[in-house]
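Here's the structure we're looking at; comments come further down.
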Amino acid sequence: MNISRIHFLVLLLISPLLMLAQSPDFEVRNFHENTTDLSAATSQVKDLNGVTAALVRFAVRDTLFQFETNLGILKQENKTGEVLLYVPHGTKKLTIRHPYLGILRDYLFPVAIKSKTTYDTEVTITNVDYLNKKLDLDLNHSDVVTKADKKTLFSIHRPPKAKPIQKSVPSKKRFTYKYEDVNFDCRVREGDIVITGFDVKAKNVVIPSQVEYDGSFYPVTEVSTFINGNNYDTVNLVIQDGIRKIDNYSFVEFRKLKNVSISSSVNEIGKNAFYDHKGLTFELPPGISESDLRKGNKILK
């Protein structure tokens, strides 16, 4: 049993005791009516009076959440990354339980819940330590990352906060920086850093937008590997928020690559940056065309 698994299990054991005296480590956010979604309007789910249900769709990052409302739940569907609750017209309150993150009691819906109407919202886990331990456990026991896991991976592996970024660059032209147990090759270039490579055996790679050298942090703005990706075992790749450019041919030979998440800060992707194959999936921000990416076209936002 590795250290990450032990830490996660310890967290699970002590969390039920801690949550008794604390507010829940999650929140309901971005609740709104989805006026273009007809899922509820076309649903056959009805209450005892024959009134068609409303649909409340939760984006979730954990499968352990349990839901109940003041008028009950007519139907619940659990899908990858989301939970669909069909509830009666006029439902006002919601309670969400989690065995380790606590209980949110009597959450008041911010709008009136109406029949045949679809609502979207998300349950956001605020306990980053729980997310990190859970993700480490999941990634260490599987080469396949689900869409929900990719979103979690993308959202919690952000640059360090409250650490100064130096404007000057280190005098050393090249150095190695270790992040998330992966060694990255770094090159200094006129005020910022370019990532030029990383460990060939690393399966799960988060390319950082800051690196540390001699006690100070420096911004990473570009990925320019242009290396023989045939030798790389990389399966899951995240380009962290803050990186602006992915150079030509950076990952074109990474044939084992299955999942790629690119942050919204990326505004330029060079030609043939990725090798297109049927098993490769992308998590892309607005402004980046998956079709152009797969065709190898240069992309400018």
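Letters A, B, ... mark the chains of the structure tokens in the order given; residue numbers begin at 1 per chain; ligand numbers begin at 1, in order shown.
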
Practice task
Name the residues in contact with stretch 54-57 of chain A at a cut-off of 7 Å, using only C-alpha atoms, excluding same-chain residues fewer than 2 positions from it; report them as number ranges by chain.
Solution key: A: 40, 52, 59, 82-89, 113-121

Suppose we keep N, CA and C atoms; can you now write the selection as a compact mmCIF listing (two decimals), in the first residue's frame?
# COMPACT_ATOMS: atom_id res chain seq x y z
N ALA A 40 -36.16 18.16 -19.53
CA ALA A 40 -37.28 18.06 -18.59
C ALA A 40 -38.62 18.13 -19.32
N THR A 52 -45.60 16.77 -14.83
CA THR A 52 -44.24 16.46 -15.29
C THR A 52 -43.21 17.07 -14.35
N ALA A 59 -23.32 19.02 -11.69
CA ALA A 59 -21.97 18.59 -12.05
C ALA A 59 -21.24 18.25 -10.76
N GLU A 82 -21.80 13.78 -13.41
CA GLU A 82 -23.01 14.52 -13.11
C GLU A 82 -24.08 13.62 -12.51
N VAL A 83 -25.00 14.26 -11.78
CA VAL A 83 -26.16 13.59 -11.19
C VAL A 83 -27.40 14.33 -11.65
N LEU A 84 -28.39 13.58 -12.15
CA LEU A 84 -29.65 14.17 -12.62
C LEU A 84 -30.75 13.84 -11.62
N LEU A 85 -31.37 14.88 -11.06
CA LEU A 85 -32.48 14.71 -10.13
C LEU A 85 -33.77 15.21 -10.78
N TYR A 86 -34.76 14.33 -10.89
CA TYR A 86 -36.09 14.73 -11.33
C TYR A 86 -36.92 14.96 -10.08
N VAL A 87 -37.37 16.20 -9.90
CA VAL A 87 -38.04 16.58 -8.65
C VAL A 87 -39.41 17.18 -8.96
N PRO A 88 -40.32 17.17 -7.97
CA PRO A 88 -41.66 17.70 -8.19
C PRO A 88 -41.66 19.22 -8.39
N HIS A 89 -42.65 19.70 -9.14
CA HIS A 89 -42.90 21.13 -9.28
C HIS A 89 -43.07 21.74 -7.88
N ILE A 113 -38.73 26.32 -8.62
CA ILE A 113 -38.58 25.10 -9.41
C ILE A 113 -39.90 24.80 -10.11
N LYS A 114 -39.86 24.83 -11.45
CA LYS A 114 -41.07 24.71 -12.24
C LYS A 114 -41.10 23.41 -13.04
N SER A 115 -42.28 22.89 -13.23
CA SER A 115 -42.48 21.70 -14.03
C SER A 115 -41.92 21.89 -15.44
N LYS A 116 -41.38 20.79 -16.02
CA LYS A 116 -40.88 20.76 -17.40
C LYS A 116 -39.70 21.71 -17.64
N THR A 117 -39.00 22.08 -16.58
CA THR A 117 -37.89 23.02 -16.69
C THR A 117 -36.60 22.36 -16.23
N THR A 118 -35.50 22.64 -16.95
CA THR A 118 -34.20 22.08 -16.62
C THR A 118 -33.33 23.15 -15.95
N TYR A 119 -32.65 22.75 -14.87
CA TYR A 119 -31.76 23.65 -14.15
C TYR A 119 -30.37 23.00 -14.07
N ASP A 120 -29.34 23.82 -14.21
CA ASP A 120 -27.96 23.34 -14.09
C ASP A 120 -27.28 23.99 -12.90
N THR A 121 -26.45 23.20 -12.23
CA THR A 121 -25.68 23.71 -11.10
C THR A 121 -24.48 22.79 -10.89

Problem - Surrounding residues of A:Pro110 excluding itself and chain neighbours under 2 positions, 8 Å, only C-alpha atoms, as a PyMOL selection string - result: chain A and resi 31+108+112

Just write the chosen residues, all heavy atoms, as a short mmCIF file (atom, residue, chain, number, x, y, z; two decimals), in the first residue's frame.
data_model
loop_
_atom_site.label_atom_id
_atom_site.label_comp_id
_atom_site.auth_asym_id
_atom_site.auth_seq_id
_atom_site.Cartn_x
_atom_site.Cartn_y
_atom_site.Cartn_z
N PHE A 31 -26.10 28.05 -9.82
CA PHE A 31 -27.43 27.50 -10.07
C PHE A 31 -28.15 28.42 -11.05
O PHE A 31 -28.27 29.62 -10.83
CB PHE A 31 -28.21 27.39 -8.77
CG PHE A 31 -29.49 26.59 -8.91
CD1 PHE A 31 -29.52 25.25 -8.55
CD2 PHE A 31 -30.64 27.16 -9.42
CE1 PHE A 31 -30.68 24.50 -8.69
CE2 PHE A 31 -31.80 26.43 -9.56
CZ PHE A 31 -31.82 25.10 -9.20
N LEU A 108 -31.70 26.41 0.00
CA LEU A 108 -32.88 26.99 -0.67
C LEU A 108 -32.55 27.25 -2.13
O LEU A 108 -31.60 27.98 -2.44
CB LEU A 108 -33.28 28.29 0.02
CG LEU A 108 -33.93 28.16 1.40
CD1 LEU A 108 -34.13 29.54 2.02
CD2 LEU A 108 -35.28 27.44 1.29
N ALA A 112 -37.64 29.64 -8.37
CA ALA A 112 -38.76 28.72 -8.22
C ALA A 112 -38.58 27.53 -9.16
O ALA A 112 -38.27 27.70 -10.34
CB ALA A 112 -40.07 29.44 -8.54
#

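Minimum distance to A:Val111 across A:Glu268, A:Asn70, A:Ile125, A:Lys93 (counting only C-alpha atoms) occurs at A:Lys93.
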
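Counting from atom CA of A:Asn267, the distance to atom CA of A:Asp181 is 27.4 Å.
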
Practice task
Give me the residues within 7 Å of stretch 229-239 of chain A as a VMD selection string, counting only C-alpha atoms and dropping any in the same chain fewer than 5 places off.
Solution key: chain A and resid 154 200 to 207 251 253 to 263

Exercise for the section: Select, from A:Tyr218, A:Phe109, A:Phe282, A:Tyr130, the residue with the minimum atom-to-atom distance to A:Gly191, counting only C-alpha atoms. Expected result: A:Tyr218

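Remark: for A:His98, the closest of the candidate residues A:Phe65, A:Tyr249, A:Phe26, A:Phe184 is A:Phe65 (distances computed over only C-alpha atoms).
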
Handout entry: Gap from atom CA of A:Pro99 to atom CA of A:Asp25 - Å, one decimal
Key = 11.1 Å

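Between A:Asp192 and the residues A:Thr176, A:Gln210, A:Ser265, A:Thr42, the shortest atom-to-atom distance, using only C-alpha atoms, involves A:Gln210.
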
Problem - For A:Lys178: contacts at 10 Å, only C-alpha atoms, fewer than 6 positions along chain excluded, given as a list in words - result: Phe184, Asp185, Phe198, Asp199, Pro208, Val211 and Glu212 of chain A

Can those selected residues be exported to a file as a compact mmCIF listing (two decimals), in the first residue's frame so that it contains all heavy atoms?
# COMPACT_ATOMS: atom_id res chain seq x y z
N PHE A 184 11.03 18.04 -15.17
CA PHE A 184 10.85 18.81 -16.40
C PHE A 184 12.16 19.50 -16.78
O PHE A 184 12.86 20.07 -15.93
CB PHE A 184 9.76 19.87 -16.21
CG PHE A 184 8.38 19.30 -16.07
CD1 PHE A 184 7.88 18.97 -14.82
CD2 PHE A 184 7.60 19.08 -17.18
CE1 PHE A 184 6.61 18.43 -14.69
CE2 PHE A 184 6.32 18.55 -17.06
CZ PHE A 184 5.83 18.22 -15.82
N ASP A 185 12.48 19.45 -18.07
CA ASP A 185 13.64 20.16 -18.61
C ASP A 185 13.22 21.59 -18.93
O ASP A 185 12.25 21.81 -19.66
CB ASP A 185 14.15 19.47 -19.87
CG ASP A 185 14.59 18.04 -19.60
OD1 ASP A 185 15.15 17.79 -18.51
OD2 ASP A 185 14.37 17.17 -20.47
N PHE A 198 10.46 16.16 -20.49
CA PHE A 198 10.16 15.65 -19.16
C PHE A 198 10.42 14.15 -19.14
O PHE A 198 10.81 13.56 -20.17
CB PHE A 198 8.72 15.97 -18.74
CG PHE A 198 7.69 15.67 -19.79
CD1 PHE A 198 7.15 14.40 -19.93
CD2 PHE A 198 7.25 16.67 -20.65
CE1 PHE A 198 6.21 14.12 -20.89
CE2 PHE A 198 6.29 16.40 -21.63
CZ PHE A 198 5.77 15.12 -21.74
N ASP A 199 10.19 13.51 -17.99
CA ASP A 199 10.49 12.09 -17.80
C ASP A 199 9.76 11.23 -18.84
O ASP A 199 8.54 11.35 -19.00
CB ASP A 199 10.08 11.62 -16.40
CG ASP A 199 10.92 12.24 -15.31
OD1 ASP A 199 12.02 12.71 -15.63
OD2 ASP A 199 10.48 12.26 -14.15
N PRO A 208 3.66 22.48 -15.55
CA PRO A 208 3.42 23.62 -14.67
C PRO A 208 3.59 24.96 -15.37
O PRO A 208 4.38 25.08 -16.32
CB PRO A 208 4.48 23.44 -13.57
CG PRO A 208 5.62 22.77 -14.29
CD PRO A 208 4.98 21.86 -15.31
N VAL A 211 7.87 27.49 -12.39
CA VAL A 211 8.91 26.58 -11.94
C VAL A 211 9.79 27.30 -10.94
O VAL A 211 9.87 28.53 -10.93
CB VAL A 211 9.77 26.06 -13.12
CG1 VAL A 211 8.93 25.25 -14.10
CG2 VAL A 211 10.47 27.20 -13.83
N GLU A 212 10.43 26.53 -10.09
CA GLU A 212 11.27 27.10 -9.04
C GLU A 212 12.74 26.87 -9.38
O GLU A 212 13.14 25.78 -9.81
CB GLU A 212 10.94 26.47 -7.69
CG GLU A 212 11.71 27.09 -6.53
CD GLU A 212 11.35 26.44 -5.20
OE1 GLU A 212 10.71 25.37 -5.22
OE2 GLU A 212 11.72 27.00 -4.14

Handout entry: Within 7 Å of A:Glu222 using only C-alpha atoms, minus same-chain residues under 3 positions, as a VMD selection string
Key = chain A and resid 194 to 195 243 to 246
